[in-house]
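Dropping query_10.txt in here (compact mmCIF, C-alpha atoms):
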# COMPACT_ATOMS: atom_id res chain seq x y z
CA VAL A 1 138.44 -78.04 57.11
CA TYR A 2 138.53 -75.38 59.86
CA SER A 3 134.82 -75.95 60.53
CA ARG A 4 135.34 -79.72 60.90
CA TYR A 5 137.96 -79.16 63.59
CA LEU A 6 136.65 -76.21 65.61
CA ASP A 7 139.23 -74.62 67.86
CA TRP A 8 139.96 -71.22 69.41
CA GLY A 9 142.60 -70.54 66.77
CA TYR A 10 144.42 -71.79 63.68
CA PHE A 11 147.86 -71.35 62.19
CA ASP A 12 146.86 -68.54 59.82
CA HIS A 13 143.54 -67.12 61.06
CA PRO A 14 141.29 -66.67 64.10
CA PRO A 15 138.24 -68.98 64.20
CA MET A 16 135.33 -66.74 63.10
CA ILE A 17 135.04 -68.09 59.54
CA ALA A 18 135.17 -71.67 60.86
CA VAL A 19 132.26 -70.97 63.23
CA LEU A 20 130.20 -69.36 60.45
CA VAL A 21 130.73 -72.32 58.12
CA LYS A 22 129.90 -74.75 60.93
CA MET A 23 126.64 -72.91 61.69
CA GLY A 24 125.59 -72.74 58.05
CA TYR A 25 126.48 -76.37 57.38
CA ALA A 26 124.37 -77.42 60.37
CA ILE A 27 121.35 -75.85 58.62
CA PHE A 28 122.15 -76.90 55.04
CA PRO A 29 124.71 -79.74 54.84
CA ASN A 30 125.91 -78.71 51.36
CA GLU A 31 127.61 -75.85 49.51
CA LEU A 32 124.75 -73.48 50.38
CA GLY A 33 125.40 -74.10 54.07
CA VAL A 34 129.10 -73.32 53.65
CA ARG A 35 128.29 -69.96 52.08
CA LEU A 36 125.07 -69.09 53.93
CA PHE A 37 126.39 -66.89 56.72
CA PRO A 38 129.08 -65.11 54.65
CA LEU A 39 126.30 -64.22 52.20
CA LEU A 40 124.04 -62.92 54.99
CA LEU A 41 126.87 -60.93 56.56
CA ASN A 42 127.64 -59.37 53.18
CA VAL A 43 124.04 -58.17 52.91
CA PHE A 44 123.92 -56.90 56.49
CA SER A 45 127.21 -55.08 55.94
CA LEU A 46 125.46 -52.90 53.37
CA VAL A 47 122.59 -52.24 55.80
CA ILE A 48 124.99 -51.11 58.54
CA ILE A 49 127.21 -49.06 56.21
CA GLU A 50 124.16 -47.10 55.06
CA LYS A 51 123.40 -46.26 58.71
CA LEU A 52 126.84 -44.66 59.03
CA MET A 53 126.00 -42.00 56.43
CA ASP A 54 124.97 -38.50 57.42
CA LYS A 55 122.95 -37.58 54.33
CA LYS A 56 121.02 -40.45 52.77
CA ASN A 57 120.90 -40.88 49.00
CA PRO A 58 119.79 -44.48 48.39
CA LEU A 59 120.19 -44.32 44.61
CA LEU A 60 123.78 -43.11 44.94
CA PHE A 61 124.56 -45.59 47.74
CA TYR A 62 123.43 -48.62 45.77
CA ALA A 63 125.11 -47.31 42.63
CA ILE A 64 128.34 -47.35 44.64
CA ALA A 65 127.59 -50.80 46.06
CA LEU A 66 126.76 -52.29 42.65
CA SER A 67 129.84 -50.74 41.05
CA MET A 68 132.20 -52.51 43.49
CA ALA A 69 132.79 -55.94 42.00
CA VAL A 70 134.51 -57.16 45.17
CA ILE A 71 131.19 -56.97 47.03
CA GLN A 72 129.38 -58.92 44.33
CA VAL A 73 132.04 -61.53 43.57
CA THR A 74 133.30 -62.28 47.07
CA GLY A 75 129.96 -61.72 48.77
CA PHE A 76 129.22 -65.43 48.81
CA VAL A 77 132.75 -66.76 49.33
CA ALA A 78 133.52 -68.28 52.74
CA VAL A 79 136.71 -66.36 53.54
CA PRO A 80 137.73 -64.38 56.67
CA ASP A 81 137.45 -61.04 54.86
CA ILE A 82 133.64 -61.24 54.80
CA PRO A 83 133.16 -61.28 58.60
CA LEU A 84 136.03 -58.78 58.87
CA ILE A 85 134.14 -56.29 56.68
CA PHE A 86 130.86 -56.93 58.52
CA PHE A 87 132.34 -56.52 62.00
CA THR A 88 134.30 -53.46 60.82
CA ALA A 89 130.98 -51.86 59.85
CA LEU A 90 129.41 -53.01 63.14
CA PHE A 91 132.36 -51.65 65.12
CA PHE A 92 132.02 -48.22 63.50
CA LEU A 93 128.27 -48.24 64.20
CA CYS A 94 128.98 -49.06 67.85
CA TYR A 95 131.67 -46.37 67.93
CA GLN A 96 129.20 -43.88 66.45
CA ASN A 97 126.72 -44.59 69.24
CA PHE A 98 129.51 -44.59 71.83
CA SER A 99 130.83 -41.18 70.70
CA ARG A 100 127.36 -39.71 71.15
CA HIS A 101 126.77 -41.14 74.60
CA TYR A 102 129.37 -42.84 76.82
CA SER A 103 126.84 -45.14 78.47
CA LEU A 104 127.69 -48.51 79.95
CA LEU A 105 125.51 -50.23 77.33
CA ASN A 106 127.35 -48.53 74.47
CA THR A 107 130.65 -49.39 76.18
CA LEU A 108 129.62 -53.05 76.36
CA PHE A 109 128.63 -53.12 72.67
CA LEU A 110 131.89 -51.40 71.68
CA GLY A 111 133.98 -53.97 73.57
CA LEU A 112 131.94 -56.82 72.08
CA SER A 113 132.37 -55.48 68.53
CA VAL A 114 136.15 -55.19 69.03
CA ALA A 115 136.34 -58.81 70.21
CA LEU A 116 134.31 -60.01 67.20
CA LEU A 117 136.63 -58.00 64.94
CA PHE A 118 139.68 -59.69 66.45
CA TYR A 119 138.09 -63.13 66.06
CA SER A 120 137.62 -62.41 62.33
CA LYS A 121 141.12 -61.52 61.18
CA TYR A 122 144.30 -60.17 62.74
CA HIS A 123 144.20 -57.04 60.57
CA ALA A 124 141.48 -55.83 62.96
CA VAL A 125 144.14 -54.46 65.29
CA LEU A 126 144.92 -51.78 62.68
CA ILE A 127 141.30 -50.61 62.67
CA VAL A 128 141.20 -50.13 66.44
CA LEU A 129 144.64 -48.47 66.44
CA PHE A 130 143.73 -45.88 63.80
CA VAL A 131 140.37 -45.11 65.42
CA VAL A 132 142.18 -44.31 68.67
CA LEU A 133 144.72 -42.19 66.77
CA SER A 134 141.86 -40.25 65.15
CA ASP A 135 140.93 -38.96 68.61
CA ILE A 136 143.73 -39.50 71.09
CA LYS A 137 141.57 -37.98 73.85
CA LEU A 138 139.64 -41.24 73.87
CA LEU A 139 142.43 -42.61 76.07
CA THR A 140 141.37 -40.19 78.84
CA LYS A 141 137.91 -41.79 79.14
CA TYR A 142 137.50 -44.70 81.50
CA GLN A 143 134.73 -46.12 79.28
CA VAL A 144 137.30 -46.70 76.51
CA TRP A 145 139.53 -48.66 78.89
CA LEU A 146 136.49 -50.59 80.13
CA ALA A 147 135.58 -51.48 76.51
CA GLY A 148 139.18 -52.61 76.02
CA ILE A 149 139.01 -54.85 79.09
CA ILE A 150 135.72 -56.36 77.86
CA ALA A 151 137.28 -57.07 74.46
CA LEU A 152 140.38 -58.57 76.10
CA VAL A 153 138.33 -60.88 78.33
CA LEU A 154 136.25 -62.08 75.37
CA PHE A 155 139.38 -62.58 73.25
CA ALA A 156 141.29 -64.31 76.06
CA PRO A 157 140.48 -67.88 74.88
CA HIS A 158 142.22 -67.19 71.59
CA LEU A 159 145.22 -65.65 73.36
CA TRP A 160 145.41 -68.74 75.57
CA TRP A 161 145.34 -70.90 72.45
CA GLN A 162 148.22 -68.85 71.03
CA TYR A 163 150.16 -69.28 74.27
CA GLN A 164 149.60 -73.04 74.17
CA HIS A 165 150.86 -73.14 70.58
CA ASP A 166 153.93 -70.98 71.14
CA TRP A 167 152.31 -67.88 69.56
CA VAL A 168 152.48 -69.61 66.18
CA SER A 169 150.21 -67.16 64.31
CA ILE A 170 152.03 -64.09 65.58
CA ARG A 171 155.43 -65.55 64.73
CA TYR A 172 154.19 -66.56 61.29
CA HIS A 173 152.62 -63.23 60.34
CA LEU A 174 155.29 -60.95 61.80
CA PHE A 175 158.50 -62.84 61.13
CA GLU A 176 158.03 -65.77 58.77
CA SER A 177 155.30 -65.00 56.24
CA ASN A 178 155.87 -62.87 53.18
CA VAL A 179 159.47 -61.92 53.87
CA ASN A 180 161.20 -61.68 50.50
CA ALA A 181 163.90 -59.70 48.76
CA TYR A 182 162.30 -56.47 47.62
CA LYS A 183 161.07 -56.13 44.06
CA PRO A 184 159.57 -52.88 42.69
CA ALA A 185 156.74 -55.02 41.32
CA PHE A 186 155.53 -55.61 44.90
CA THR A 187 154.76 -51.91 45.38
CA PHE A 188 153.50 -51.38 41.82
CA ASP A 189 151.15 -54.37 42.03
CA TYR A 190 149.87 -53.17 45.40
CA ILE A 191 149.00 -49.70 44.07
CA ILE A 192 147.32 -51.07 40.94
CA GLY A 193 145.45 -53.63 43.02
CA GLN A 194 144.05 -50.96 45.33
CA LEU A 195 142.85 -48.91 42.37
CA LEU A 196 141.08 -51.92 40.88
CA LEU A 197 139.70 -53.48 44.09
CA PRO A 198 136.98 -50.86 44.73
CA GLY A 199 135.83 -51.00 41.11
CA PRO A 200 137.47 -52.12 38.96
CA ILE A 201 136.31 -49.08 36.94
CA ALA A 202 134.52 -47.10 39.66
CA GLY A 203 137.60 -47.21 41.88
CA PHE A 204 139.08 -44.36 39.85
CA ILE A 205 136.13 -42.24 41.05
CA LEU A 206 135.49 -43.63 44.52
CA LEU A 207 139.08 -43.43 45.78
CA PRO A 208 139.62 -39.72 44.94
CA ALA A 209 136.13 -38.93 46.27
CA ALA A 210 136.84 -40.64 49.59
CA PHE A 211 140.22 -38.93 49.99
CA LEU A 212 138.85 -35.50 49.03
CA TYR A 213 135.92 -35.65 51.44
CA ARG A 214 136.38 -33.54 54.56
CA PRO A 215 134.26 -34.60 57.55
CA ASN A 216 131.82 -31.93 58.72
CA ARG A 217 132.80 -30.71 62.19
CA GLN A 218 129.24 -29.53 62.81
CA SER A 219 127.75 -32.97 62.26
CA ASP A 220 127.15 -35.42 65.11
CA LYS A 221 128.77 -38.00 62.82
CA TYR A 222 132.06 -36.08 62.76
CA PRO A 223 133.92 -38.43 65.17
CA VAL A 224 133.02 -41.55 63.18
CA GLU A 225 133.72 -39.91 59.79
CA LYS A 226 137.10 -38.73 61.07
CA ALA A 227 137.81 -42.24 62.35
CA LEU A 228 136.79 -43.73 59.01
CA LYS A 229 139.19 -41.43 57.16
CA PHE A 230 142.06 -42.11 59.59
CA THR A 231 141.46 -45.84 59.19
CA MET A 232 141.38 -45.65 55.41
CA ILE A 233 144.59 -43.63 55.11
CA GLY A 234 146.30 -45.61 57.86
CA ILE A 235 145.58 -49.04 56.38
CA TYR A 236 146.57 -47.96 52.87
CA CYS A 237 149.86 -46.52 54.17
CA PHE A 238 150.57 -49.53 56.41
CA PHE A 239 150.29 -52.01 53.56
CA LEU A 240 152.13 -49.69 51.17
CA LEU A 241 155.06 -49.84 53.58
CA SER A 242 154.54 -53.61 53.87
CA SER A 243 155.02 -53.90 50.10
CA PHE A 244 158.69 -52.99 50.65
CA ARG A 245 158.96 -56.12 52.80
CA GLY A 246 157.19 -58.56 50.50
CA LYS A 247 154.18 -59.18 48.29
CA VAL A 248 150.91 -57.71 49.62
CA GLU A 249 147.65 -59.37 48.65
CA ALA A 250 145.05 -56.89 47.37
CA ASN A 251 142.35 -58.19 49.74
CA TRP A 252 144.38 -57.39 52.86
CA THR A 253 142.94 -53.88 52.77
CA SER A 254 139.34 -55.18 52.60
CA PRO A 255 138.12 -53.32 55.77
CA VAL A 256 138.78 -50.07 53.88
CA ILE A 257 135.64 -50.83 51.83
CA VAL A 258 133.56 -49.51 54.74
CA SER A 259 135.41 -46.18 54.77
CA LEU A 260 135.41 -45.95 50.97
CA MET A 261 131.66 -46.43 50.67
CA VAL A 262 130.77 -43.94 53.41
CA LEU A 263 133.26 -41.20 52.55
CA SER A 264 132.85 -41.39 48.76
CA HIS A 265 129.06 -41.29 49.18
CA GLN A 266 129.31 -38.18 51.36
CA PHE A 267 131.53 -36.46 48.80
CA LEU A 268 129.60 -37.53 45.68
CA ASN A 269 126.29 -36.55 47.26
CA GLU A 270 127.21 -32.90 46.63
CA LYS A 271 128.84 -33.45 43.21
CA LEU A 272 126.26 -34.05 40.47
CA ARG A 273 128.84 -34.22 37.68
CA TRP A 274 130.80 -36.90 39.56
CA GLN A 275 127.57 -38.82 40.13
CA LYS A 276 126.82 -38.87 36.40
CA ILE A 277 130.31 -40.18 35.64
CA LEU A 278 129.88 -42.89 38.25
structure tokens encoding of this file:
Amino acid sequence: VYSRYLDWGYFDHPPMIAVLVKMGYAIFPNELGVRLFPLLLNVFSLVIIEKLMDKKNPLLFYAIALSMAVIQVTGFVAVPDIPLIFFTALFFLCYQNFSRHYSLLNTLFLGLSVALLFYSKYHAVLIVLFVVLSDIKLLTKYQVWLAGIIALVLFAPHLWWQYQHDWVSIRYHLFESNVNAYKPAFTFDYIIGQLLLPGPIAGFILLPAAFLYRPNRQSDKYPVEKALKFTMIGIYCFFLLSSFRGKVEANWTSPVIVSLMVLSHQFLNEKLRWQKIL
């Protein structure tokens, strides 16, 4: 329905998934067209995530990918989480290049990736926030502010749409949606859901591995690995706190998949016994 009525925004989501469905349906006017671009983005997400890894172990990487049912099952479903995961991976790749060289081209790509993130799902703001918190000195670099201005300019049409519609999405998500009397089941279900989401079985290996991994300060990938870990912990904690406000859907933490795959791979790459268990 979104794709049949293209606009700069909708009540519940930004327009990225609507654009993807519209593009796919223009090529194949059937169910394949609806799912075409989410499927492609799911594949390209794996390609980009592998580029974020310091030490390459393809067998281990694809063992991790194939063990995560969420990638297989939702990889062809036309939902906003698919572009969110893809543009999260792309954002970290752009940030990796940016942290190595603060060129104007890398600044442009970083700002563009942030805008595409925001057009995918509102949770994207958490990703950018925790990346900045992972290295607060970023705020002293004019290139970071320039990237922010680029992202703001590109995202301005959606903000104008929100203004025209009385900030309906912001009001809904912050003040109206999911506000219920607290039940302990909200928090319990959230914790269980996060254990099962990266697996369901392998999650009991991948989650501890990702949390135990310590980014190598000597590596040129240290800034991005540190940012990935900050983002993972930050998003998990944010939605854990949100569970005291109301029910949290398991898929709301979907961008964490990027951090989980990279960090668990880096940890397991040195742990042969863990690899055998996986």
Subject >> Selected residue, from A:Pro223, A:Gly111, A:Gly246, A:Pro58, that lies nearest to A:Phe175 when counting only C-alpha atoms >> reply: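 Closest to A:Phe175, using only C-alpha atoms: A:Gly246.
For the residues A:Lys226, A:Tyr25, A:Arg35, A:Ile201, ranking by smallest atom-to-atom distance to A:Arg214 using only C-alpha atoms places A:Lys226 first.
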Taking (142.9, -62.8, 74.3) in the file's coordinates, which residues come within 12 Å, counting only C-alpha atoms, written as a PDB file with C-alpha atoms, in the coordinates of the input?
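Final file, out_30.pdb:
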ATOM      1  CA  TRP A   8     139.960 -71.220  69.410  1.00  0.00           C
ATOM      2  CA  GLY A   9     142.600 -70.540  66.770  1.00  0.00           C
ATOM      3  CA  PRO A  14     141.290 -66.670  64.100  1.00  0.00           C
ATOM      4  CA  VAL A 114     136.150 -55.190  69.030  1.00  0.00           C
ATOM      5  CA  ALA A 115     136.340 -58.810  70.210  1.00  0.00           C
ATOM      6  CA  LEU A 116     134.310 -60.010  67.200  1.00  0.00           C
ATOM      7  CA  PHE A 118     139.680 -59.690  66.450  1.00  0.00           C
ATOM      8  CA  TYR A 119     138.090 -63.130  66.060  1.00  0.00           C
ATOM      9  CA  TYR A 122     144.300 -60.170  62.740  1.00  0.00           C
ATOM     10  CA  GLY A 148     139.180 -52.610  76.020  1.00  0.00           C
ATOM     11  CA  ILE A 149     139.010 -54.850  79.090  1.00  0.00           C
ATOM     12  CA  ILE A 150     135.720 -56.360  77.860  1.00  0.00           C
ATOM     13  CA  ALA A 151     137.280 -57.070  74.460  1.00  0.00           C
ATOM     14  CA  LEU A 152     140.380 -58.570  76.100  1.00  0.00           C
ATOM     15  CA  VAL A 153     138.330 -60.880  78.330  1.00  0.00           C
ATOM     16  CA  LEU A 154     136.250 -62.080  75.370  1.00  0.00           C
ATOM     17  CA  PHE A 155     139.380 -62.580  73.250  1.00  0.00           C
ATOM     18  CA  ALA A 156     141.290 -64.310  76.060  1.00  0.00           C
ATOM     19  CA  PRO A 157     140.480 -67.880  74.880  1.00  0.00           C
ATOM     20  CA  HIS A 158     142.220 -67.190  71.590  1.00  0.00           C
ATOM     21  CA  LEU A 159     145.220 -65.650  73.360  1.00  0.00           C
ATOM     22  CA  TRP A 160     145.410 -68.740  75.570  1.00  0.00           C
ATOM     23  CA  TRP A 161     145.340 -70.900  72.450  1.00  0.00           C
ATOM     24  CA  GLN A 162     148.220 -68.850  71.030  1.00  0.00           C
ATOM     25  CA  TYR A 163     150.160 -69.280  74.270  1.00  0.00           C
ATOM     26  CA  TRP A 167     152.310 -67.880  69.560  1.00  0.00           C
TER      27      TRP A 167
END
Original post:
atom CA of A:Tyr172 and atom CA of A:Ser120, how far apart in Å?
Top reply: 17.1 Å
Could you produce a table of the residues of stretch 90-195 of chain A lying within 12 Å of stretch 260-264 of chain A, with the nearest pair of atoms per residue and their separation in Å rounded to one decimal, using only C-alpha atoms, ordered by chain and increasing residue number, as CSV?
residue,atom,partner,partner_atom,distance
A:Phe92,CA,A:Val262,CA,11.0
A:Leu93,CA,A:Val262,CA,11.9
A:Gln194,CA,A:Leu260,CA,11.5
A:Leu195,CA,A:Leu260,CA,11.8
**OP:** Grab the atom CA of A:Val73 to atom CA of A:Pro38 distance for me, in Å with one decimal place.
**Re:** 12.0 Å
Original post:
Got a sec: who's within 9 Å of A:Val19, counting all atoms listed in the file, leaving out chain neighbours fewer than 4 positions off, as number ranges by chain?
Top reply: A: 2-3, 6, 15, 23-24
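Neighbouring residues of A:Glu225 at 9 Å or closer, counting all atoms listed in the file and skipping chain neighbours under 3 positions away, are Leu52, Met53, Gln96, Arg214, Pro215, Asn216, Lys221, Tyr222, Leu228, Lys229, Phe230, Ser259, Val262 and Leu263 of chain A.
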Original post:
Could you state the separation of atom CA of A:Ile170 and atom CA of A:Leu110 in Å, given to one decimal place?
Top reply: 24.6 Å
Original post:
For A:Ile17, which residue among A:Phe37, A:Phe61, A:Trp252, A:Phe76 is the nearest when counting only C-alpha atoms?
Top reply: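 Checking each of A:Phe37, A:Phe61, A:Trp252, A:Phe76 against A:Ile17, counting only C-alpha atoms, the winner is A:Phe37.
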Subject >> Polymer residues at most 10 Å from A:Pro83, all atoms listed in the file, same-chain spacing of 2 or more positions, as a PyMOL selection string >> reply: chain A and resi 16-17+20+37-42+45+78-81+85-89+116-117+119-121+255
Selection export as a PDB file, in the frame of the given file, atoms kept: C-alpha atoms:
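New file selection-v5.pdb:
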ATOM      1  CA  MET A  16     135.330 -66.740  63.100  1.00  0.00           C
ATOM      2  CA  ILE A  17     135.040 -68.090  59.540  1.00  0.00           C
ATOM      3  CA  LEU A  20     130.200 -69.360  60.450  1.00  0.00           C
ATOM      4  CA  PHE A  37     126.390 -66.890  56.720  1.00  0.00           C
ATOM      5  CA  PRO A  38     129.080 -65.110  54.650  1.00  0.00           C
ATOM      6  CA  LEU A  39     126.300 -64.220  52.200  1.00  0.00           C
ATOM      7  CA  LEU A  40     124.040 -62.920  54.990  1.00  0.00           C
ATOM      8  CA  LEU A  41     126.870 -60.930  56.560  1.00  0.00           C
ATOM      9  CA  ASN A  42     127.640 -59.370  53.180  1.00  0.00           C
ATOM     10  CA  SER A  45     127.210 -55.080  55.940  1.00  0.00           C
ATOM     11  CA  ALA A  78     133.520 -68.280  52.740  1.00  0.00           C
ATOM     12  CA  VAL A  79     136.710 -66.360  53.540  1.00  0.00           C
ATOM     13  CA  PRO A  80     137.730 -64.380  56.670  1.00  0.00           C
ATOM     14  CA  ASP A  81     137.450 -61.040  54.860  1.00  0.00           C
ATOM     15  CA  ILE A  85     134.140 -56.290  56.680  1.00  0.00           C
ATOM     16  CA  PHE A  86     130.860 -56.930  58.520  1.00  0.00           C
ATOM     17  CA  PHE A  87     132.340 -56.520  62.000  1.00  0.00           C
ATOM     18  CA  THR A  88     134.300 -53.460  60.820  1.00  0.00           C
ATOM     19  CA  ALA A  89     130.980 -51.860  59.850  1.00  0.00           C
ATOM     20  CA  LEU A 116     134.310 -60.010  67.200  1.00  0.00           C
ATOM     21  CA  LEU A 117     136.630 -58.000  64.940  1.00  0.00           C
ATOM     22  CA  TYR A 119     138.090 -63.130  66.060  1.00  0.00           C
ATOM     23  CA  SER A 120     137.620 -62.410  62.330  1.00  0.00           C
ATOM     24  CA  LYS A 121     141.120 -61.520  61.180  1.00  0.00           C
ATOM     25  CA  PRO A 255     138.120 -53.320  55.770  1.00  0.00           C
TER      26      PRO A 255
END
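Proximity ranking of A:Leu197, A:Val248, A:Ala185, A:Ile233 relative to A:Thr74 places A:Leu197 first, based on all atoms listed in the file.
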Original post:
Which is closest to A:Ile49 among A:Met68, A:Ile277, A:Leu133, A:Val258, if we use only C-alpha atoms?
Top reply: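 The closest residue to A:Ile49 is A:Val258.
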**OP:** Tell me which of A:Leu60, A:Val34, A:Leu105, A:Leu129 sits closest to A:Phe238, counting all atoms listed in the file.
**Re:** A:Leu129
**OP:** Please provide the set of residues having any atom within 12 Å of A:Ser242, restricted to all atoms listed in the file, with same-chain residues fewer than 3 positions apart removed, written as a ChimeraX atom specification.
**Re:** /A:173-174,177-180,182,186-187,190-191,235-239,245-250,252-253
Selection near A:Phe267, 10 Å with only C-alpha atoms, sequence-local residues under 4 positions removed, as a compact mmCIF listing (two decimals) with C-alpha atoms, in the coordinates of the input:
# COMPACT_ATOMS: atom_id res chain seq x y z
CA LEU A 206 135.49 -43.63 44.52
CA PRO A 208 139.62 -39.72 44.94
CA ALA A 209 136.13 -38.93 46.27
CA ALA A 210 136.84 -40.64 49.59
CA PHE A 211 140.22 -38.93 49.99
CA LEU A 212 138.85 -35.50 49.03
CA TYR A 213 135.92 -35.65 51.44
CA ARG A 214 136.38 -33.54 54.56
CA PRO A 215 134.26 -34.60 57.55
CA VAL A 262 130.77 -43.94 53.41
CA LEU A 263 133.26 -41.20 52.55
CA LYS A 271 128.84 -33.45 43.21
CA TRP A 274 130.80 -36.90 39.56
CA GLN A 275 127.57 -38.82 40.13
